[in-house]
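As stored in upload-v6.tsv (TSV, C-alpha atoms):
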chain	number	residue	atom	x	y	z
A	231	MET	CA	0.00	0.00	0.00
A	232	HIS	CA	0.88	3.64	-0.41
A	233	ILE	CA	0.33	5.31	2.96
A	234	LEU	CA	0.60	9.00	3.84
A	235	ILE	CA	0.84	10.07	7.49
A	236	THR	CA	0.82	13.64	8.78
A	237	GLY	CA	2.48	14.64	12.03
A	238	ALA	CA	4.90	11.74	11.58
A	239	ALA	CA	8.05	13.06	13.25
A	240	ARG	CA	7.25	11.86	16.76
A	241	GLY	CA	4.72	10.19	19.01
A	242	ILE	CA	1.77	8.37	17.47
A	243	GLY	CA	2.63	9.48	13.92
A	244	LEU	CA	6.13	8.07	14.18
A	245	GLY	CA	4.65	4.90	15.65
A	246	PHE	CA	2.42	4.54	12.59
A	247	VAL	CA	5.42	5.04	10.29
A	248	ARG	CA	7.38	2.27	11.99
A	249	HIS	CA	4.37	-0.04	12.07
A	250	TYR	CA	3.61	0.19	8.37
A	251	LEU	CA	7.25	0.08	7.26
A	252	GLN	CA	7.64	-3.15	9.21
A	253	GLN	CA	4.73	-4.52	7.19
A	254	GLY	CA	6.52	-3.65	3.96
A	255	HIS	CA	4.37	-0.72	2.84
A	256	ASP	CA	5.56	2.49	1.18
A	257	VAL	CA	5.12	5.34	3.64
A	258	TRP	CA	5.12	9.08	2.97
A	259	ALA	CA	5.87	10.68	6.33
A	260	CYS	CA	5.02	14.35	6.79
A	261	HIS	CA	6.84	16.63	9.21
A	262	ARG	CA	7.32	20.34	9.80
A	263	GLU	CA	10.83	21.79	10.19
A	264	ASP	CA	12.21	18.97	12.32
A	265	CYS	CA	12.30	15.38	11.07
A	266	GLY	CA	12.44	14.15	14.66
A	267	GLY	CA	12.64	10.39	14.94
A	268	LEU	CA	12.24	9.95	11.18
A	269	SER	CA	15.94	10.74	10.78
A	270	ASP	CA	16.76	7.50	12.61
A	271	ILE	CA	14.90	5.31	10.12
A	272	THR	CA	16.74	3.81	7.15
A	273	SER	CA	14.38	2.40	4.56
A	274	ASP	CA	13.96	2.82	0.82
A	275	LYS	CA	10.21	2.66	1.44
A	276	LEU	CA	10.23	5.81	3.57
A	277	HIS	CA	9.57	9.06	1.73
A	278	LEU	CA	9.80	12.35	3.62
A	279	LEU	CA	7.54	15.33	2.98
A	280	ARG	CA	7.85	18.70	4.67
A	281	TRP	CA	4.27	19.76	5.30
A	282	ASP	CA	2.82	22.21	7.79
A	283	VAL	CA	-0.88	21.33	7.83
A	284	GLY	CA	-1.63	24.66	9.52
A	285	SER	CA	-0.62	26.49	6.36
A	286	ASP	CA	-2.17	26.69	2.90
A	287	GLN	CA	1.28	26.19	1.37
A	288	PRO	CA	1.79	22.90	-0.50
A	289	PRO	CA	4.12	20.22	0.84
A	290	THR	CA	7.77	20.13	-0.13
A	291	GLY	CA	8.65	16.80	-1.69
A	292	LYS	CA	7.14	14.36	-4.17
A	293	LEU	CA	3.66	13.15	-3.35
A	294	PRO	CA	2.59	9.62	-4.26
A	295	GLU	CA	0.51	9.34	-7.40
A	296	SER	CA	-2.03	7.21	-5.57
A	297	ILE	CA	-2.80	6.95	-1.84
A	298	ASP	CA	-4.41	3.84	-0.35
A	299	LEU	CA	-4.41	5.05	3.24
A	300	LEU	CA	-4.26	8.61	4.57
A	301	ILE	CA	-3.78	9.07	8.31
A	302	ASN	CA	-4.45	12.61	9.46
A	303	ASN	CA	-2.51	12.55	12.72
A	304	ALA	CA	-0.92	16.02	13.01
A	305	GLY	CA	-2.23	17.93	15.99
A	306	ILE	CA	-1.41	20.20	18.89
A	307	TYR	CA	-2.79	20.44	22.42
A	308	GLY	CA	-2.57	24.18	22.88
A	309	PRO	CA	-1.96	25.91	26.22
A	310	GLY	CA	-1.30	23.54	29.10
A	311	LYS	CA	-2.10	23.56	32.80
A	312	ASN	CA	-4.73	26.25	33.39
A	313	GLY	CA	-4.32	27.90	29.99
A	314	GLN	CA	-7.49	26.30	28.67
A	315	SER	CA	-9.70	27.02	31.66
A	316	LEU	CA	-12.87	29.05	31.32
A	317	SER	CA	-11.14	32.05	32.87
A	318	ASN	CA	-7.93	31.90	30.85
A	319	ILE	CA	-8.66	30.57	27.37
A	320	THR	CA	-8.40	33.18	24.61
A	321	SER	CA	-9.95	33.37	21.18
A	322	ALA	CA	-6.44	33.36	19.68
A	323	ASP	CA	-5.63	30.08	21.44
A	324	MET	CA	-8.93	28.59	20.32
A	325	LEU	CA	-8.29	29.50	16.69
A	326	ALA	CA	-4.66	28.32	16.74
A	327	VAL	CA	-5.62	24.83	17.94
A	328	PHE	CA	-8.63	24.66	15.62
A	329	ASN	CA	-6.42	25.61	12.67
A	330	ILE	CA	-4.15	22.59	13.17
A	331	ASP	CA	-6.45	19.97	14.67
A	332	CYS	CA	-9.60	20.54	12.62
A	333	ALA	CA	-8.87	22.71	9.57
A	334	GLY	CA	-5.53	20.93	9.05
A	335	PRO	CA	-7.00	17.54	8.09
A	336	LEU	CA	-9.49	19.31	5.83
A	337	ARG	CA	-6.64	21.10	4.01
A	338	VAL	CA	-4.80	17.82	3.57
A	339	VAL	CA	-7.80	16.02	2.11
A	340	GLN	CA	-8.60	18.91	-0.22
A	341	ARG	CA	-5.06	18.82	-1.61
A	342	LEU	CA	-4.92	15.02	-1.90
A	343	GLN	CA	-8.45	14.23	-3.01
A	344	SER	CA	-7.50	13.53	-6.63
A	345	ARG	CA	-4.78	11.13	-5.45
A	346	LEU	CA	-6.98	9.04	-3.15
A	347	ALA	CA	-7.33	5.54	-4.54
A	348	HIS	CA	-10.74	4.00	-5.15
A	349	GLY	CA	-11.24	1.68	-2.21
A	350	GLY	CA	-8.88	3.75	-0.08
A	351	VAL	CA	-9.28	4.74	3.56
A	352	ILE	CA	-8.89	8.00	5.46
A	353	ALA	CA	-8.35	7.76	9.22
A	354	ASN	CA	-8.68	11.06	11.07
A	355	ILE	CA	-7.15	11.00	14.55
A	356	SER	CA	-9.41	12.80	16.98
A	357	SER	CA	-9.77	12.19	20.72
A	358	LYS	CA	-12.43	11.12	23.19
A	359	MET	CA	-11.91	14.60	24.63
A	360	GLY	CA	-13.90	15.77	21.62
A	361	SER	CA	-16.88	13.72	22.75
A	362	SER	CA	-19.67	15.73	24.34
A	363	ALA	CA	-21.09	12.55	25.86
A	364	ASP	CA	-17.77	11.79	27.56
A	365	ASN	CA	-17.13	15.29	28.90
A	366	SER	CA	-17.70	15.23	32.65
A	367	SER	CA	-14.75	17.38	33.75
A	368	GLY	CA	-15.12	20.53	31.62
A	369	GLY	CA	-12.20	22.78	30.73
A	370	THR	CA	-9.65	22.17	27.96
A	371	TYR	CA	-11.76	24.36	25.69
A	372	ALA	CA	-9.50	24.66	22.66
A	373	TYR	CA	-8.47	21.02	22.39
A	374	ARG	CA	-11.95	19.66	23.08
A	375	ALA	CA	-13.59	22.00	20.57
A	376	ALA	CA	-11.09	21.30	17.81
A	377	LYS	CA	-11.30	17.53	18.23
A	378	ALA	CA	-15.10	17.72	18.34
A	379	GLY	CA	-15.02	19.76	15.15
A	380	LEU	CA	-12.85	17.13	13.48
A	381	ILE	CA	-15.42	14.44	14.25
A	382	ILE	CA	-18.04	16.43	12.33
A	383	VAL	CA	-15.64	17.30	9.49
A	384	SER	CA	-14.73	13.63	9.24
A	385	LYS	CA	-18.39	12.62	8.97
A	386	SER	CA	-18.93	15.10	6.15
A	387	MET	CA	-15.83	13.78	4.39
A	388	ALA	CA	-17.24	10.26	4.70
A	389	VAL	CA	-20.44	11.32	2.94
A	390	ASP	CA	-18.73	13.41	0.27
A	391	LEU	CA	-16.01	10.89	-0.59
A	392	ALA	CA	-18.22	7.79	-0.66
A	393	PRO	CA	-18.98	8.20	-4.39
A	394	GLN	CA	-15.21	8.18	-4.96
A	395	GLY	CA	-14.97	4.83	-3.17
A	396	VAL	CA	-13.07	6.30	-0.21
A	397	HIS	CA	-14.08	5.19	3.29
A	398	VAL	CA	-13.53	7.65	6.16
A	399	ILE	CA	-13.38	6.85	9.88
A	400	THR	CA	-12.40	8.82	12.98
A	401	LEU	CA	-10.14	7.30	15.63
A	402	HIS	CA	-9.56	7.80	19.36
A	403	PRO	CA	-5.98	6.66	20.09
A	404	GLY	CA	-6.50	6.26	23.83
A	405	TRP	CA	-4.62	8.15	26.51
A	406	VAL	CA	-1.14	7.60	25.10
A	407	ARG	CA	2.21	8.34	26.72
A	408	THR	CA	3.63	11.00	24.37
A	409	ASP	CA	5.43	14.34	24.65
A	410	MET	CA	2.07	16.10	24.18
A	411	VAL	CA	0.99	14.87	27.62
A	412	GLN	CA	4.45	14.88	29.20
A	413	GLN	CA	4.63	11.09	28.92
A	414	THR	CA	1.62	10.60	31.19
A	415	GLY	CA	-1.07	8.24	29.98
A	416	LEU	CA	-2.41	4.72	30.30
A	417	ILE	CA	-0.92	3.03	27.21
A	418	ASP	CA	2.24	3.28	25.13
A	419	VAL	CA	2.48	4.32	21.50
A	420	SER	CA	2.93	0.81	20.11
A	421	THR	CA	-0.23	-0.44	21.85
A	422	SER	CA	-2.26	2.49	20.53
A	423	VAL	CA	-0.90	2.18	16.99
A	424	ALA	CA	-1.38	-1.59	16.81
A	425	GLY	CA	-4.98	-1.19	17.93
A	426	MET	CA	-5.75	1.63	15.51
A	427	ALA	CA	-4.06	-0.22	12.64
A	428	ALA	CA	-6.33	-3.20	13.32
A	429	VAL	CA	-9.37	-0.92	13.20
A	430	ILE	CA	-8.11	0.65	9.96
A	431	ALA	CA	-7.64	-2.80	8.42
A	432	SER	CA	-11.32	-3.52	9.08
A	433	ALA	CA	-12.52	0.04	8.43
A	434	ARG	CA	-15.38	-1.06	6.21
A	435	ASP	CA	-16.87	-3.05	9.06
A	436	TYR	CA	-17.73	0.36	10.54
A	437	ASP	CA	-20.19	2.95	9.27
A	438	PRO	CA	-18.73	5.84	7.24
A	439	GLY	CA	-17.57	8.56	9.59
A	440	GLN	CA	-17.88	6.37	12.68
A	441	PHE	CA	-15.87	7.38	15.78
A	442	ILE	CA	-13.91	4.36	17.00
A	443	ALA	CA	-11.42	3.84	19.83
A	444	PHE	CA	-8.10	2.02	19.39
A	445	ASP	CA	-9.67	-1.09	20.98
A	446	GLY	CA	-12.43	-1.24	18.37
A	447	LYS	CA	-15.18	0.16	20.59
A	448	ILE	CA	-17.55	2.81	19.24
A	449	VAL	CA	-17.13	6.19	20.96
A	450	PRO	CA	-20.35	8.15	21.57
A	451	TYR	CA	-20.15	11.80	20.65
Show me this structure written as structure tokens.
Amino acid sequence: MHILITGAARGIGLGFVRHYLQQGHDVWACHREDCGGLSDITSDKLHLLRWDVGSDQPPTGKLPESIDLLINNAGIYGPGKNGQSLSNITSADMLAVFNIDCAGPLRVVQRLQSRLAHGGVIANISSKMGSSADNSSGGTYAYRAAKAGLIIVSKSMAVDLAPQGVHVITLHPGWVRTDMVQQTGLIDVSTSVAGMAAVIASARDYDPGQFIAFDGKIVPY
């Protein structure tokens, strides 16, 4: 398969890169300025693309002619600690996170739509924190709102791309130990990635636009 992954320099994105390279697939790994852990990988099946999904500028590097799997993983958390409380969150912070976490995947799909293979899959990485049904603690306004927005964007993509033969799902990776959460969390990257890859492999067992956790369970939103 030809697989393109955004936000691939570290964390879950890098985990996806390693997972699919080990399976023998061709992987186009997107990063911003820093290649991060991608620089440690030696494989003729790894293709690097410099792509800031928060910008309207095109990627630097050669895109694949056809894409069987697109994983929209790039994302940011925004202000930490109390920066996303009701008292402290700002409109600028809200828009900055929304630009990357929600508008970013939309930009990517718009640019790549003509390259998506018939029968291909798009997996948009959201978070259970974007679930209204799961929100019992409040706060985290920017991250929650952006991830909730992505769930809706993903559903619209699923409807709009169905005639093209492209199946779209939304994924919750679990609470993963990454730099974004200062290595706190309940599961490691490899566990999250292996679970999500299994869901992706059976994507058509799920309804278009469905929100699914790494363990295959449907997430209410």
Output, as JSON, the centre and edge lengths in Å (one decimal) of the axis-aligned box that contains all listed atoms of range 311-321 of chain A with 8 Å of margin on each side.
{"center_x": -7.5, "center_y": 28.5, "center_z": 27.3, "size_x": 26.8, "size_y": 25.8, "size_z": 28.2}
Can you pull out the residues contacting Val327 in chain A? Cut-off 10 Å, using only C-alpha atoms, and skip same-chain residues under 2 positions away; I want them as a list of chain:residue names.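 Here the answer would be A:Gly284, A:Gly305, A:Ile306, A:Tyr307, A:Gly308, A:Pro309, A:Ala322, A:Asp323, A:Met324, A:Leu325, A:Asn329, A:Ile330, A:Asp331, A:Cys332, A:Ala333, A:Gly334, A:Tyr371, A:Ala372, A:Tyr373, A:Arg374, A:Ala375, A:Ala376, A:Lys377.
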Residue contacts of Ile271 in chain A (12 Å, all atoms listed in the file) excluding same-chain residues fewer than 5 positions away, as a ChimeraX atom specification: /A:238-239,244-245,247-249,251-252,257,259,265-266,276-278
Do a neighbour search on range 347-358 of chain A at 6 Å with all atoms listed in the file, toss out local chain neighbours closer than 6 positions, and write the hits as a list in words. Ser296, Ile297, Asp298, Leu299, Leu300, Ile301, Asn302, Asn303, Lys377, Gly395, Val396, His397, Val398, Ile399, Thr400, Leu401 and His402 of chain A
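Between CA of Phe444 in chain A and CA of Gly254 in chain A there is a distance of 22.0 Å.
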Which one of A:Asn312, A:Pro288, A:Ile448, A:Met231 sits closest to Val429 in chain A if you count only C-alpha atoms?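 Residue with the minimum atom-to-atom distance to Val429 in chain A: A:Ile448.
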A:Leu336, A:Ala363, A:Leu279, A:Leu346 ranked by distance to Gly379 in chain A, top pick (using only C-alpha atoms): A:Leu336
Give the answer as one residue: which of A:Leu391, A:Asp445, A:Ala433, A:Ser420 has the shortest atom-to-atom distance to Phe246 in chain A, using all atoms listed in the file? A:Ser420
Of the candidates A:Met387, A:Asn318, A:Asp364, A:Ile381, which one gets nearest to Val338 in chain A if we count all atoms listed in the file?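 For Val338 in chain A, the nearest of the given residues is A:Met387.
In this comparison, which uses all atoms listed in the file, the residue of A:Glu295, A:Ile442, A:Pro335, A:Ile242 approaching Thr421 in chain A most closely is A:Ile242.
You can rank A:Pro403, A:Leu268, A:Pro393, A:Thr236 by their closest distance to Ala427 in chain A using only C-alpha atoms, and at the top of that list sits A:Pro403.
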At most 7 Å from (-9.5, 16.7, 29.3), file frame, all atoms listed in the file: which residues, as a PyMOL selection string? chain A and resi 359+367+369-370
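Of note, CA of His232 in chain A and CA of Asp256 in chain A are spaced 5.1 Å apart.
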CA of Lys292 in chain A to CA of Trp258 in chain A, straight-line distance in Å: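 These two atoms are separated by 9.1 Å.
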